[in-house]
Amino acid sequence: MINRRRFLIGLTSLVTCRTYASSAVDFAPVFPGRKLSFPTDYGAHPQFRTEWWYATGWLALPDGIPMGFQATFFRVRTGIAEGNPSAFAPHQLIFAHAAIADPRAGQLLQDQRAARVGFGRAGFNSGRTHVWVGDWRLEQQKEEYVATIAGKDFSYALTLTPQGPPMLNGVDGFSQKAADPRHASYYYSRPQITVSGTVTLAGTSQQVSGKAWLDHEWSSELLPSTAQGWDWVGLNLNDGGALMAFRLRDQEALPIWTAATFMKSNGTKLRLGINEISLEPTRYWQSNRTGTRYPVEWTLKLARRLLRLVPLLDDQELDSRHTTGTVYWEGAVRVYENRTEIGRGYLELTGYGEKILVR
């Protein structure tokens with residue numbers, strides 16, 4: 001996506017421009033029927049236009065104070081100067097966004113990085129998850145992931161331990177974004193990840209623990225021309241189940257495509273379509289920095305169940321205009337059924353300001 005994890009590029013001129021390309025670029029296509037293969041598909045797929053690894057989750061400090069975290073790494077094949085073997089040619093770019101949602105701060109603590117691949121400044125591996133920019137990294141070490149971020153106002157070093165195999169979204173990992181199957185990605189999630197490590201705020205480092213979600217997605221097609229943006233959730237349920245759901249919407253905020261993957265507590269997976277799930281906003285919050293109005297509380301209808309999504313804090317707007325050129329809302333949410341909290345996860349809202357072109 002998604003994803004969200006795992007793509008938030010407004011397609012700057014650097015990515016779309018062909019001025020310096022020696023010839024037309026053939027990005028790898030996404031086809032139905034291609035079986036995802038692990039561990040190979042944990043790694044990068046540089047022949048595709050865009051790819052992202054998206055880790056989000058809830059943490060708890062020793063005194064019980066909750067907070068959310070985000071670590072997102074994007075890889076972009078620019079299509080620029082592909083015939084030029086120089087290491088200075090920007091064939092591949094890495095962007096990274098990181099944030100801490102601390103209710104005591106009242107808004108996101110956030111930072112971002114960007115660099116072209118090469119000279120050790122940024123890179124990625126195939127065959128396993130390992131993507132980095134500067135001293136920020138997300139790396140697979142045996143059966144675990146390690147996320148290391150050193151931001152301007154915060155830092156964290158987290159170990160993420162999956163509790164089961166990847167959850168394939170769509171049809172065996174082929175995730176459509178529209179009725180036209182050209183608009184699709186390869187997409188899997190890793191829900192119910194156990195997290196441990198440290199978070200440093202205001203110079204003080206503390207132990208944390210919690211639960212996380214990791215998305216990995218790659219594709220080459222732009223979104224349908226009618227799409228303004230998307231809404232996405234990745235939810236870890238208290239009973240051990242999980243839910244990934246997203247909808248693409250048009251300029252009138254009407255859904256043009258909705259899909260979901262629901263994993264029951266016993267591991268059974270259900271693929272849900274546009275008539276089996278719905279996301280409806282119920283409360284809005286407006287940013288005093290950008291003026292953007294976001295729907296921060298939602299009702300999620302899932303078969304006969306009615307769930308409610310409530311944010312940890314309203315102001316979880318992330319301004320990534322210095323890297324991917326967009327402003328979006330990425331936030332920790334609680335999940336309620338009736339009045340009982342049944343899970344926690346993350347909600348992503350894009351295209352409420354500028355139109356988003358890639359997912």
# chains A, B, ... in the order shown; residues from 1 in each chain; ligands from 1
$ residues_around --residues "stretch 183-188 of chain A" --least-positions-apart "2" --cutoff "6 Å" --atoms "only C-alpha atoms" --output "PDB file with C-alpha atoms, in the first residue's frame"
ATOM      1  CA  MET A 167      -0.072 -12.558   5.932  1.00  0.00           C
ATOM      2  CA  LEU A 168      -0.560 -12.335   2.164  1.00  0.00           C
ATOM      3  CA  ASN A 169      -2.984  -9.598   1.124  1.00  0.00           C
ATOM      4  CA  GLY A 173      -0.130 -11.340  -2.278  1.00  0.00           C
ATOM      5  CA  PHE A 174      -1.543  -9.806  -5.488  1.00  0.00           C
ATOM      6  CA  SER A 175      -3.331  -6.714  -4.154  1.00  0.00           C
ATOM      7  CA  GLN A 176      -5.559  -4.807  -6.563  1.00  0.00           C
ATOM      8  CA  LYS A 177      -6.157  -1.085  -6.115  1.00  0.00           C
ATOM      9  CA  ALA A 178      -8.893  -0.797  -8.753  1.00  0.00           C
ATOM     10  CA  PRO A 181      -5.827  -5.352 -12.516  1.00  0.00           C
ATOM     11  CA  HIS A 216       6.095  -4.647   2.667  1.00  0.00           C
ATOM     12  CA  GLU A 217       4.745  -3.670  -0.733  1.00  0.00           C
ATOM     13  CA  TRP A 218       6.132  -3.071  -4.216  1.00  0.00           C
ATOM     14  CA  SER A 219       4.595  -1.999  -7.538  1.00  0.00           C
ATOM     15  CA  GLU A 221       1.732   1.484 -11.640  1.00  0.00           C
TER      16      GLU A 221
END
$ residues_around --residues "A:Trp136" --least-positions-apart "4" --cutoff "10 Å" --atoms "only C-alpha atoms" --output "list in words"
Ala71, Phe73, Ala96, His97, Ala98, Gln112, Arg113, Ala122, Val131, Trp132, Ala147, Thr148, Ile149, Ala150, Gly151, Ser155 and Ala157 of chain A
$ closest_residue --among "A:Ser196, A:Gln286, A:Gln140, A:Thr326" --to "A:Pro39" --atoms "only C-alpha atoms"
A:Gln140
$ residues_around --residues "A:Phe74" --least-positions-apart "3" --cutoff "6 Å" --atoms "only C-alpha atoms" --output "list in words"
Glu51, Trp52, Ile94 and Phe95 of chain A
$ residues_around --residues "stretch 262-266 of chain A" --least-positions-apart "2" --cutoff "12 Å" --atoms "only C-alpha atoms" --output "VMD selection string"
chain A and resid 164 to 170 189 to 192 233 to 246 259 to 260 268 to 273 276 to 277 302 to 303
$ closest_atom_pairs --of "stretch 64-108 of chain A" --to "stretch 342-345 of chain A" --cutoff "12 Å" --atoms "only C-alpha atoms" --output "CSV"
residue,atom,partner,partner_atom,distance
A:Pro66,CA,A:Arg344,CA,11.1
A:Met67,CA,A:Arg344,CA,11.3
A:Gly68,CA,A:Gly345,CA,8.9
A:Phe69,CA,A:Gly345,CA,10.5
A:Gln70,CA,A:Gly345,CA,11.2
$ residues_around --residues "A:Asp26" --least-positions-apart "5" --cutoff "12 Å" --atoms "only C-alpha atoms" --output "mmCIF file with C-alpha atoms, in the first residue's frame"
data_model
loop_
_atom_site.group_PDB
_atom_site.id
_atom_site.type_symbol
_atom_site.label_atom_id
_atom_site.label_comp_id
_atom_site.auth_asym_id
_atom_site.auth_seq_id
_atom_site.Cartn_x
_atom_site.Cartn_y
_atom_site.Cartn_z
ATOM 1 C CA ALA A 21 16.903 9.223 -19.205
ATOM 2 C CA GLN A 47 13.294 -3.498 -10.998
ATOM 3 C CA PHE A 48 9.931 -2.112 -9.800
ATOM 4 C CA ARG A 49 9.166 1.608 -9.606
ATOM 5 C CA ARG A 77 13.586 3.600 -9.055
ATOM 6 C CA THR A 78 13.688 6.995 -10.761
ATOM 7 C CA GLY A 79 14.136 5.940 -14.393
ATOM 8 C CA ILE A 80 16.749 8.697 -14.736
ATOM 9 C CA GLU A 82 19.648 4.306 -16.452
ATOM 10 C CA SER A 220 5.117 -0.009 -10.728
ATOM 11 C CA GLU A 221 1.732 1.484 -11.640
#
$ select_by_dssp --residues "stretch 3-150 of chain A" --states "strand (DSSP E)" --output "PyMOL selection string"
chain A and resi 50-60+66-77+92-101+108-116+122-124+130-133+136-141+144-150
$ closest_residue --among "A:Tyr328, A:Tyr294, A:Tyr352, A:Tyr346" --to "A:Tyr54" --atoms "only C-alpha atoms"
A:Tyr346
$ residues_around --residues "A:Leu318" --least-positions-apart "2" --cutoff "10 Å" --atoms "only C-alpha atoms" --output "PyMOL selection string"
chain A and resi 97-99+107-112+315-316+320-321+326-331
$ atom_distance --atom1 "atom CA of A:Gly291" --atom2 "atom CA of A:Ala253"
17.4 Å
$ residues_around --residues "A:Val117" --least-positions-apart "5" --cutoff "8 Å" --atoms "only C-alpha atoms" --output "number ranges by chain"
A: 90-94, 122-123
$ atom_distance --atom1 "atom CA of A:Ile100" --atom2 "atom CA of A:Ser278"
28.6 Å
